[in-house]
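Structure file protein12.txt with compact mmCIF, C-alpha atoms:
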# COMPACT_ATOMS: atom_id res chain seq x y z
CA MET A 1 99.47 -3.38 60.44
CA LYS A 2 95.93 -2.22 59.97
CA PHE A 3 94.51 -1.89 56.49
CA GLY A 4 91.28 -0.08 55.72
CA VAL A 5 89.23 -1.35 52.80
CA VAL A 6 86.84 1.32 51.56
CA VAL A 7 83.36 0.11 50.65
CA PHE A 8 81.40 2.10 48.09
CA PRO A 9 77.91 1.14 46.97
CA GLY A 10 78.79 -1.28 44.18
CA SER A 11 82.23 -2.33 45.41
CA ASN A 12 82.61 -6.06 44.86
CA CYS A 13 86.26 -6.85 45.57
CA ASP A 14 86.16 -5.40 49.07
CA HIS A 15 85.78 -8.83 50.66
CA ASP A 16 88.53 -10.27 48.47
CA ALA A 17 90.89 -7.56 49.67
CA TRP A 18 89.81 -8.06 53.25
CA TYR A 19 90.32 -11.83 52.96
CA SER A 20 93.74 -11.47 51.35
CA ILE A 21 94.97 -9.15 54.06
CA SER A 22 93.48 -10.90 57.06
CA HIS A 23 93.82 -14.55 55.98
CA ASN A 24 96.67 -14.75 53.49
CA LEU A 25 98.79 -11.90 54.78
CA GLY A 26 97.91 -12.26 58.45
CA HIS A 27 97.32 -8.59 59.15
CA LYS A 28 94.33 -6.64 60.35
CA ALA A 29 91.81 -5.35 57.85
CA GLU A 30 88.61 -3.46 58.41
CA PHE A 31 85.94 -2.09 56.15
CA VAL A 32 85.49 1.66 55.87
CA TRP A 33 82.06 2.76 54.67
CA HIS A 34 82.18 5.44 51.99
CA ARG A 35 80.29 7.91 54.15
CA GLU A 36 83.06 7.99 56.76
CA THR A 37 84.78 11.33 56.99
CA ARG A 38 87.80 10.16 58.98
CA LEU A 39 90.31 7.35 58.61
CA SER A 40 91.34 6.74 62.17
CA ASP A 41 94.45 4.74 63.03
CA LEU A 42 94.87 3.06 59.65
CA ASP A 43 98.28 2.24 58.23
CA ALA A 44 97.11 1.83 54.66
CA VAL A 45 93.96 2.24 52.60
CA ILE A 46 92.72 0.01 49.80
CA LEU A 47 90.20 1.29 47.26
CA PRO A 48 88.82 -2.01 46.00
CA GLY A 49 87.49 -3.13 42.64
CA GLY A 50 83.88 -3.19 41.65
CA PHE A 51 81.35 -0.89 40.07
CA SER A 52 80.99 2.00 42.48
CA TYR A 53 77.69 3.77 41.84
CA GLY A 54 77.03 1.37 38.98
CA ASP A 55 79.84 2.97 36.95
CA TYR A 56 77.26 5.62 36.04
CA LEU A 57 78.50 8.68 34.17
CA ARG A 58 82.08 7.35 34.07
CA CYS A 59 83.80 4.68 36.17
CA GLY A 60 84.70 6.29 39.48
CA ALA A 61 83.16 9.64 38.57
CA ILE A 62 80.54 9.59 41.32
CA ALA A 63 82.68 7.84 43.92
CA LYS A 64 85.16 10.68 43.86
CA PHE A 65 82.55 12.82 45.62
CA SER A 66 82.00 10.31 48.44
CA PRO A 67 82.77 11.82 51.83
CA VAL A 68 85.51 9.24 52.43
CA MET A 69 87.49 10.49 49.44
CA SER A 70 88.34 13.78 51.16
CA ALA A 71 89.74 11.73 54.00
CA VAL A 72 91.64 9.52 51.54
CA LYS A 73 93.14 12.62 49.89
CA ASP A 74 94.26 13.95 53.28
CA PHE A 75 95.62 10.51 54.16
CA ALA A 76 97.62 10.40 50.91
CA ALA A 77 98.82 13.98 51.34
CA ALA A 78 100.15 13.02 54.78
CA GLY A 79 102.17 10.23 53.14
CA GLY A 80 99.79 7.36 53.90
CA LEU A 81 99.79 4.34 51.59
CA VAL A 82 96.81 4.23 49.25
CA ALA A 83 96.31 1.43 46.75
CA GLY A 84 93.50 1.61 44.23
CA ILE A 85 92.77 -1.64 42.46
CA CYS A 86 90.67 -1.76 39.28
CA ASN A 87 87.69 0.48 40.08
CA GLY A 88 89.90 1.94 42.82
CA PHE A 89 92.42 2.95 40.15
CA GLN A 90 89.61 4.55 38.14
CA ILE A 91 88.50 6.50 41.22
CA LEU A 92 92.06 7.70 41.87
CA THR A 93 92.41 9.04 38.32
CA GLU A 94 88.97 10.65 38.47
CA CYS A 95 89.78 12.48 41.69
CA GLY A 96 93.15 13.60 40.40
CA LEU A 97 95.38 11.67 42.80
CA LEU A 98 96.82 9.89 39.77
CA PRO A 99 97.26 11.24 36.23
CA GLY A 100 95.55 9.95 33.10
CA ALA A 101 92.27 8.12 32.69
CA LEU A 102 90.89 4.63 32.06
CA ILE A 103 88.64 4.24 29.07
CA ARG A 104 86.82 1.43 27.29
CA ASN A 105 89.03 -1.51 26.35
CA ARG A 106 90.16 -1.24 22.73
CA ASN A 107 88.33 -4.43 21.76
CA LEU A 108 85.19 -3.15 23.52
CA LYS A 109 84.98 -6.36 25.53
CA PHE A 110 84.88 -6.93 29.24
CA ILE A 111 88.01 -8.98 29.77
CA CYS A 112 88.19 -11.41 32.66
CA ARG A 113 91.32 -13.54 32.63
CA GLU A 114 94.77 -14.03 34.08
CA LEU A 115 97.60 -12.09 32.43
CA PRO A 116 101.36 -11.85 32.84
CA VAL A 117 102.23 -8.48 34.38
CA ALA A 118 105.82 -7.27 34.81
CA VAL A 119 107.02 -5.39 37.87
CA GLU A 120 108.59 -2.27 36.36
CA THR A 121 110.02 -0.67 39.47
CA THR A 122 110.84 -1.90 42.93
CA ASP A 123 111.31 1.63 44.21
CA SER A 124 107.88 1.86 45.81
CA SER A 125 106.04 0.83 48.93
CA PHE A 126 103.95 -1.54 46.81
CA THR A 127 106.68 -3.39 44.92
CA ASN A 128 109.77 -3.32 47.15
CA ALA A 129 109.45 -7.04 47.96
CA ALA A 130 109.44 -7.96 44.27
CA VAL A 131 112.32 -8.17 41.82
CA LYS A 132 112.52 -5.72 38.92
CA GLY A 133 111.19 -7.44 35.83
CA GLN A 134 109.50 -10.15 37.87
CA VAL A 135 106.45 -11.49 36.05
CA LEU A 136 103.31 -11.81 38.13
CA ARG A 137 100.32 -13.80 36.97
CA LEU A 138 97.39 -11.60 37.93
CA PRO A 139 93.76 -11.62 36.83
CA ILE A 140 92.16 -8.62 35.20
CA ALA A 141 88.39 -8.14 35.13
CA HIS A 142 87.30 -4.89 33.55
CA GLY A 143 85.59 -3.25 30.62
CA GLU A 144 87.26 0.12 31.08
CA GLY A 145 90.91 -0.57 31.75
CA CYS A 146 92.62 1.03 28.79
CA TYR A 147 95.04 3.52 30.32
CA VAL A 148 95.36 6.79 28.44
CA ALA A 149 97.23 10.00 29.13
CA ASP A 150 98.83 12.66 26.96
CA GLU A 151 102.36 12.02 25.68
CA ARG A 152 103.90 14.48 28.11
CA THR A 153 102.33 12.70 31.09
CA LEU A 154 103.41 9.30 29.77
CA ASP A 155 106.97 10.51 29.29
CA GLU A 156 106.94 11.98 32.77
CA LEU A 157 105.71 8.71 34.27
CA GLU A 158 108.50 6.79 32.52
CA ALA A 159 111.20 9.37 33.34
CA GLU A 160 110.25 9.40 37.00
CA ASP A 161 110.11 5.61 37.20
CA ARG A 162 106.44 5.75 38.13
CA VAL A 163 105.19 2.90 35.96
CA ALA A 164 104.76 0.22 38.60
CA PHE A 165 103.38 -2.57 36.40
CA ARG A 166 103.24 -3.24 32.68
CA TYR A 167 101.23 -5.83 30.77
CA LEU A 168 103.23 -8.38 28.86
CA ASP A 169 99.96 -9.18 27.13
CA ASN A 170 98.30 -5.81 26.59
CA ALA A 171 94.76 -7.12 26.35
CA ASN A 172 92.96 -3.83 26.96
CA GLY A 173 95.18 -1.73 24.68
CA SER A 174 96.61 0.56 27.36
CA GLN A 175 99.07 3.17 26.19
CA ARG A 176 102.60 1.89 26.61
CA ALA A 177 101.02 -1.26 28.10
CA ILE A 178 100.70 0.48 31.46
CA ALA A 179 98.96 -1.66 34.08
CA GLY A 180 99.77 0.35 37.20
CA ILE A 181 101.25 3.70 38.14
CA LEU A 182 102.50 5.61 41.17
CA ASP A 183 101.90 9.22 42.12
CA ALA A 184 104.82 11.65 42.26
CA ARG A 185 105.45 10.92 45.95
CA ARG A 186 105.24 7.17 45.35
CA ASN A 187 102.76 6.49 48.18
CA VAL A 188 99.68 6.17 45.97
CA LEU A 189 99.34 3.21 43.60
CA GLY A 190 96.69 2.54 41.01
CA MET A 191 96.57 -0.75 39.12
CA MET A 192 93.99 -2.49 36.96
CA PRO A 193 95.06 -6.12 37.64
CA HIS A 194 93.77 -7.69 40.84
CA PRO A 195 96.53 -8.70 43.25
CA GLU A 196 93.89 -9.48 45.89
CA ARG A 197 92.45 -12.17 43.62
CA ALA A 198 95.82 -13.91 43.52
CA THR A 199 96.93 -14.37 47.10
CA ASP A 200 96.29 -18.03 47.72
CA PRO A 201 97.32 -21.13 45.75
CA LEU A 202 93.63 -22.07 45.80
CA MET A 203 92.95 -19.02 43.62
CA GLY A 204 95.30 -20.33 40.96
CA SER A 205 98.04 -17.81 41.69
CA SER A 206 99.48 -16.24 44.79
CA ASP A 207 101.64 -13.78 42.86
CA GLY A 208 99.57 -10.83 44.07
CA LEU A 209 100.66 -11.32 47.64
CA VAL A 210 103.94 -9.53 46.90
CA VAL A 211 102.06 -6.21 46.58
CA PHE A 212 100.64 -6.53 50.09
CA GLU A 213 103.90 -7.89 51.51
CA SER A 214 105.69 -4.88 50.05
CA MET A 215 103.23 -2.57 51.79
CA VAL A 216 103.73 -4.33 55.11
CA GLY A 217 107.51 -4.13 54.66
CA ALA A 218 107.37 -0.44 53.83
CA LEU A 219 105.13 0.28 56.80
CA ALA A 220 107.35 -1.72 59.16
CA GLU A 221 110.34 0.34 58.04
CA ARG A 222 108.48 3.54 58.87
CA ARG A 223 107.84 2.50 62.44
CA MET B 1 69.11 0.70 1.74
CA THR B 2 67.45 3.74 3.24
CA ALA B 3 68.22 5.25 6.61
CA PRO B 4 65.88 4.08 9.36
CA ASN B 5 63.20 6.62 10.10
CA LEU B 6 63.98 7.32 13.75
CA PRO B 7 61.57 9.40 15.79
CA ARG B 8 62.94 12.86 16.43
CA PRO B 9 62.86 14.36 19.92
CA PRO B 10 60.43 17.26 20.13
CA ALA B 11 62.02 20.61 19.34
CA PHE B 12 62.65 22.95 22.21
CA THR B 13 60.51 25.94 21.55
CA ALA B 14 58.86 28.11 24.16
CA GLY B 15 55.51 26.74 23.11
CA THR B 16 55.97 23.02 23.76
CA ILE B 17 54.05 21.92 26.80
CA TYR B 18 56.68 19.93 28.66
CA ASN B 19 59.12 22.77 28.26
CA LYS B 20 56.71 25.38 29.56
CA GLY B 21 58.42 27.89 31.78
CA LEU B 22 61.50 25.72 32.04
CA MET B 23 64.98 26.73 31.19
CA LYS B 24 67.14 23.96 29.75
CA ALA B 25 70.86 23.57 29.74
CA ARG B 26 72.32 21.10 27.29
CA VAL B 27 75.77 19.70 27.81
CA TYR B 28 77.55 17.86 25.00
CA VAL B 29 80.53 15.77 26.06
CA SER B 30 82.90 14.22 23.56
CA PHE B 31 86.31 12.60 23.61
CA LYS B 32 89.22 14.88 22.82
CA ASP B 33 90.49 14.40 19.28
CA THR B 34 93.62 12.70 20.58
CA VAL B 35 91.71 10.03 22.53
CA LEU B 36 90.85 6.84 20.71
CA ASP B 37 87.11 6.12 20.70
CA PRO B 38 86.68 2.39 20.07
CA GLN B 39 82.88 2.62 20.36
CA GLY B 40 82.76 5.32 17.69
CA LYS B 41 85.05 3.24 15.47
CA THR B 42 82.75 0.23 15.80
CA VAL B 43 79.64 2.29 15.07
CA CYS B 44 81.44 3.78 12.05
CA ALA B 45 82.36 0.34 10.73
CA ALA B 46 78.76 -0.85 11.21
CA LEU B 47 77.34 2.14 9.35
CA GLN B 48 79.81 1.73 6.52
CA GLY B 49 78.87 -1.94 6.37
CA LEU B 50 75.22 -0.89 5.95
CA GLY B 51 76.12 1.12 2.89
CA TYR B 52 76.77 4.56 4.33
CA GLU B 53 79.96 4.83 2.34
CA GLU B 54 79.98 8.63 2.74
CA ILE B 55 80.67 8.27 6.47
CA THR B 56 84.38 8.49 7.20
CA ASP B 57 84.43 8.63 11.00
CA VAL B 58 82.16 8.52 14.05
CA ARG B 59 82.95 9.92 17.47
CA GLN B 60 80.51 8.90 20.17
CA GLY B 61 79.75 11.25 23.03
CA LYS B 62 77.30 11.98 25.82
CA TYR B 63 74.45 14.42 25.98
CA PHE B 64 72.88 15.83 29.13
CA GLU B 65 69.61 17.70 29.20
CA ILE B 66 69.35 19.66 32.41
CA SER B 67 66.20 21.40 33.65
CA ILE B 68 66.68 24.67 35.47
CA ARG B 69 64.37 26.32 37.94
CA PRO B 70 62.29 29.01 36.22
CA GLY B 71 63.43 32.57 36.67
CA ALA B 72 67.14 31.82 36.87
CA ASP B 73 69.55 34.24 35.22
CA PRO B 74 70.70 32.52 31.99
CA ARG B 75 74.24 33.88 32.21
CA ARG B 76 74.62 32.69 35.76
CA VAL B 77 73.16 29.33 34.72
CA GLU B 78 75.72 29.01 31.93
CA GLN B 79 78.50 29.73 34.41
CA ARG B 80 77.18 27.19 36.93
CA ILE B 81 76.56 24.46 34.39
CA THR B 82 80.01 25.00 32.88
CA GLU B 83 81.39 24.48 36.37
CA ALA B 84 79.33 21.32 36.78
CA ALA B 85 80.49 20.02 33.41
CA GLN B 86 84.11 20.69 34.31
CA ASP B 87 83.85 19.00 37.72
CA VAL B 88 81.38 16.22 37.14
CA LEU B 89 79.84 15.66 33.73
CA ALA B 90 83.09 15.56 31.78
CA ASN B 91 86.56 14.33 32.64
CA PRO B 92 88.78 17.13 31.29
CA VAL B 93 91.69 14.70 31.03
CA ILE B 94 90.03 12.89 28.13
CA GLU B 95 86.91 14.84 27.23
CA ASP B 96 85.81 18.21 25.86
CA PHE B 97 82.38 19.67 26.48
CA ARG B 98 80.05 22.35 25.24
CA VAL B 99 77.28 24.03 27.22
CA VAL B 100 74.20 25.53 25.60
CA VAL B 101 71.60 27.30 27.72
CA GLU B 102 68.16 27.80 26.27
CA PRO B 103 65.99 30.22 28.17
Can the structure in the file be given as structure tokens, please?
Amino acid sequence: MKFGVVVFPGSNCDHDAWYSISHNLGHKAEFVWHRETRLSDLDAVILPGGFSYGDYLRCGAIAKFSPVMSAVKDFAAAGGLVAGICNGFQILTECGLLPGALIRNRNLKFICRELPVAVETTDSSFTNAAVKGQVLRLPIAHGEGCYVADERTLDELEAEDRVAFRYLDNANGSQRAIAGILDARRNVLGMMPHPERATDPLMGSSDGLVVFESMVGALAERR
Amino acid sequence: MTAPNLPRPPAFTAGTIYNKGLMKARVYVSFKDTVLDPQGKTVCAALQGLGYEEITDVRQGKYFEISIRPGADPRRVEQRITEAAQDVLANPVIEDFRVVVEP
């Protein structure tokens, strides 16, 4: 499988994602510069963490206008797998591929630590290799990770089984402790915790690997 | 305790030099009432702690001051800036905005 890792000015988890995929997962990964207008022969796209455009205006607000985002939208519309991690999640909500928004953590602090995160659904291309309720130890590292949406949207997410991950320790104060969500067609994932920073025992946890393994499994099934 | 005497920004009147011949659009962005504003809450608590007991709540927002090319039609400008606020300056999922054009 070939993963594309989009690089925006200010991305800083792009290499982590690339390393996880190519070294820990054993699949191909290549960087895609944000000015690209086409995503040729990729099986999946990762929007990595970081501070695209310095988080100016709002996190992800400027990145959504990068040329590559039109291509990512087309890729998602065609059923391609898109995973936005941390800043990538913020970009996906800003550009409307995922509902809701991510605002300042309730305690106003940048939180950088490992948290227990529960897998809420296995009915997705990003969690199919996990067990429902499985607790993953994943790091978070963000100042704006508090997930908010109106009640109707939250109810819809729950009713449609689109909450992919939930915090067991809701450090940022997200509504309904939501850590990751899926789009209606279940091929776009956004999550604030960093699975790519937990793919090797050397990193302290390899629990994040299951997200990438799920993607590989889902892609293999499609072929 | 008295309020700090903060310098005020110069008023926008046709006569001020840096505003000469320029049209300005001002965009005020604020969180929707339903969205929690932890920064505003913290500022509110700080102000109350300083003795401003009459303050009951603070909502923190953003303010954009946009210069417009001279000669533009103010109504068209309002339309365009509203569009820009909707698409870029505010996130309609969590924020409201207000556009004021001053010819």
Write out as a tab-separated table the residues of chain B that have any atom within 9 Å of an atom of chain A, one row each with the nearest atom pair and its distance in Å to one decimal, counting all atoms listed in the file, sorted by chain and then rising number.
residue	atom	partner	partner_atom	distance
B:Thr34	CA	A:Asp150	CA	8.2
B:Val35	CA	A:Val148	CA	7.7
B:Leu36	CA	A:Arg106	CA	8.4
B:Asp37	CA	A:Arg104	CA	8.1
B:Pro38	CA	A:Arg106	CA	5.7
B:Gln39	CA	A:Leu108	CA	7.0
B:Thr42	CA	A:Leu108	CA	8.8
B:Val88	CA	A:Ala61	CA	7.0
B:Leu89	CA	A:Leu57	CA	7.1
B:Ala90	CA	A:Arg58	CA	8.6
B:Asn91	CA	A:Glu94	CA	7.3
B:Val93	CA	A:Gly100	CA	6.5
B:Ile94	CA	A:Ala101	CA	7.0
Legend entry - For range 120-131 of chain A: contacts at 8 Å, only C-alpha atoms, fewer than 2 positions along chain excluded, given as a list in words: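 Those residues are Leu81, Ala118, Gly133, Gln134, Asp161, Arg162, Val163, Ala164, Phe165, Arg166, Arg186, Asn187, Leu189, Val210, Val211, Phe212, Glu213, Ser214, Met215, Gly217, Ala218 and Leu219 of chain A.
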Legend entry - Selected residue, from A:Gly190, A:Gly49, A:Gly4, A:Gly60, that lies nearest to Val72 in chain A when counting all atoms listed in the file: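 Smallest separation from Val72 in chain A among the options: A:Gly4.
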Legend entry - Distance in Å - CA of Asn170 in chain A versus CA of Ile85 in chain A: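 A separation of 17.3 Å between them.
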Legend entry - Length of the CA of Val68 in chain A to CA of Glu36 in chain A vector [Å]: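 Pair CA of Val68 in chain A / CA of Glu36 in chain A returns 5.1 Å.
Straight-line separation from CA of Tyr63 in chain B to CA of Ile111 in chain A: 27.3 Å.
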Near Asp169 in chain A, within 10 Å and counting all atoms listed in the file, which residues show up once chain neighbours fewer than 6 positions away are dropped, as a PDB file with C-alpha atoms, keeping the file's coordinate frame?
ATOM      1  CA  GLU A 114      94.770 -14.030  34.080  1.00  0.00           C
ATOM      2  CA  LEU A 115      97.600 -12.090  32.430  1.00  0.00           C
ATOM      3  CA  PRO A 116     101.360 -11.850  32.840  1.00  0.00           C
ATOM      4  CA  VAL A 117     102.230  -8.480  34.380  1.00  0.00           C
ATOM      5  CA  ALA A 118     105.820  -7.270  34.810  1.00  0.00           C
ATOM      6  CA  ALA A 177     101.020  -1.260  28.100  1.00  0.00           C
TER       7      ALA A 177
END
Write range 28-39 of chain A as a short mmCIF file (atom, residue, chain, number, x, y, z; two decimals), in the coordinates of the input, completed to all heavy atoms.
data_model
loop_
_atom_site.label_atom_id
_atom_site.label_comp_id
_atom_site.auth_asym_id
_atom_site.auth_seq_id
_atom_site.Cartn_x
_atom_site.Cartn_y
_atom_site.Cartn_z
N LYS A 28 95.70 -7.08 60.07
CA LYS A 28 94.33 -6.64 60.35
C LYS A 28 93.76 -5.86 59.18
O LYS A 28 94.45 -5.06 58.56
CB LYS A 28 94.31 -5.75 61.60
CG LYS A 28 94.06 -6.53 62.88
CD LYS A 28 94.28 -5.66 64.08
CE LYS A 28 93.00 -4.99 64.54
NZ LYS A 28 93.24 -4.32 65.85
N ALA A 29 92.49 -6.12 58.90
CA ALA A 29 91.81 -5.35 57.85
C ALA A 29 90.42 -5.01 58.34
O ALA A 29 89.77 -5.83 58.99
CB ALA A 29 91.73 -6.15 56.56
N GLU A 30 89.99 -3.81 58.06
CA GLU A 30 88.61 -3.46 58.41
C GLU A 30 87.98 -2.67 57.27
O GLU A 30 88.66 -2.01 56.49
CB GLU A 30 88.56 -2.68 59.73
CG GLU A 30 89.21 -1.32 59.65
CD GLU A 30 89.02 -0.52 60.95
OE1 GLU A 30 89.03 -1.15 62.02
OE2 GLU A 30 88.89 0.71 60.87
N PHE A 31 86.66 -2.80 57.20
CA PHE A 31 85.94 -2.09 56.15
C PHE A 31 85.69 -0.65 56.57
O PHE A 31 85.46 -0.36 57.74
CB PHE A 31 84.60 -2.78 55.86
CG PHE A 31 84.76 -4.14 55.25
CD1 PHE A 31 84.34 -5.28 55.92
CD2 PHE A 31 85.34 -4.28 54.00
CE1 PHE A 31 84.49 -6.53 55.36
CE2 PHE A 31 85.50 -5.53 53.42
CZ PHE A 31 85.08 -6.66 54.11
N VAL A 32 85.77 0.25 55.63
CA VAL A 32 85.49 1.66 55.87
C VAL A 32 84.35 2.06 54.93
O VAL A 32 84.51 2.04 53.71
CB VAL A 32 86.72 2.54 55.58
CG1 VAL A 32 86.42 4.01 55.85
CG2 VAL A 32 87.92 2.08 56.42
N TRP A 33 83.21 2.38 55.49
CA TRP A 33 82.06 2.76 54.67
C TRP A 33 82.33 4.11 53.99
O TRP A 33 82.98 4.97 54.56
CB TRP A 33 80.81 2.81 55.57
CG TRP A 33 79.51 3.10 54.89
CD1 TRP A 33 78.61 4.06 55.22
CD2 TRP A 33 78.93 2.40 53.77
NE1 TRP A 33 77.52 4.01 54.39
CE2 TRP A 33 77.68 3.02 53.49
CE3 TRP A 33 79.35 1.32 52.98
CZ2 TRP A 33 76.85 2.59 52.45
CZ3 TRP A 33 78.52 0.91 51.94
CH2 TRP A 33 77.28 1.54 51.68
N HIS A 34 81.83 4.25 52.79
CA HIS A 34 82.18 5.44 51.99
C HIS A 34 81.68 6.75 52.57
O HIS A 34 82.09 7.82 52.15
CB HIS A 34 81.65 5.27 50.55
CG HIS A 34 80.16 5.42 50.45
ND1 HIS A 34 79.57 6.43 49.73
CD2 HIS A 34 79.15 4.72 51.02
CE1 HIS A 34 78.25 6.33 49.84
NE2 HIS A 34 77.98 5.30 50.61
N ARG A 35 80.78 6.67 53.56
CA ARG A 35 80.29 7.91 54.15
C ARG A 35 81.15 8.39 55.32
O ARG A 35 80.89 9.44 55.89
CB ARG A 35 78.84 7.75 54.60
CG ARG A 35 77.90 7.40 53.45
CD ARG A 35 76.51 7.95 53.62
NE ARG A 35 76.48 9.41 53.63
CZ ARG A 35 76.40 10.16 52.53
NH1 ARG A 35 76.32 9.60 51.36
NH2 ARG A 35 76.37 11.46 52.62
N GLU A 36 82.15 7.59 55.67
CA GLU A 36 83.06 7.99 56.76
C GLU A 36 83.79 9.27 56.34
O GLU A 36 84.13 9.44 55.16
CB GLU A 36 84.10 6.90 57.02
CG GLU A 36 83.54 5.63 57.63
CD GLU A 36 83.15 5.82 59.09
OE1 GLU A 36 83.72 6.70 59.76
OE2 GLU A 36 82.25 5.07 59.54
N THR A 37 84.04 10.11 57.31
CA THR A 37 84.78 11.33 56.99
C THR A 37 86.19 11.30 57.59
O THR A 37 86.98 12.19 57.33
CB THR A 37 84.04 12.57 57.51
OG1 THR A 37 83.71 12.36 58.87
CG2 THR A 37 82.76 12.80 56.71
N ARG A 38 86.45 10.26 58.39
CA ARG A 38 87.80 10.16 58.98
C ARG A 38 88.34 8.75 58.83
O ARG A 38 87.60 7.77 58.89
CB ARG A 38 87.76 10.55 60.45
CG ARG A 38 87.63 12.06 60.64
CD ARG A 38 87.94 12.45 62.06
NE ARG A 38 87.10 11.68 62.99
CZ ARG A 38 87.28 11.68 64.30
NH1 ARG A 38 88.26 12.37 64.84
NH2 ARG A 38 86.50 10.97 65.08
N LEU A 39 89.65 8.66 58.67
CA LEU A 39 90.31 7.35 58.61
C LEU A 39 91.17 7.25 59.86
O LEU A 39 92.33 7.67 59.85
CB LEU A 39 91.18 7.25 57.36
CG LEU A 39 90.48 7.40 56.01
CD1 LEU A 39 91.50 7.54 54.90
CD2 LEU A 39 89.58 6.20 55.75
#
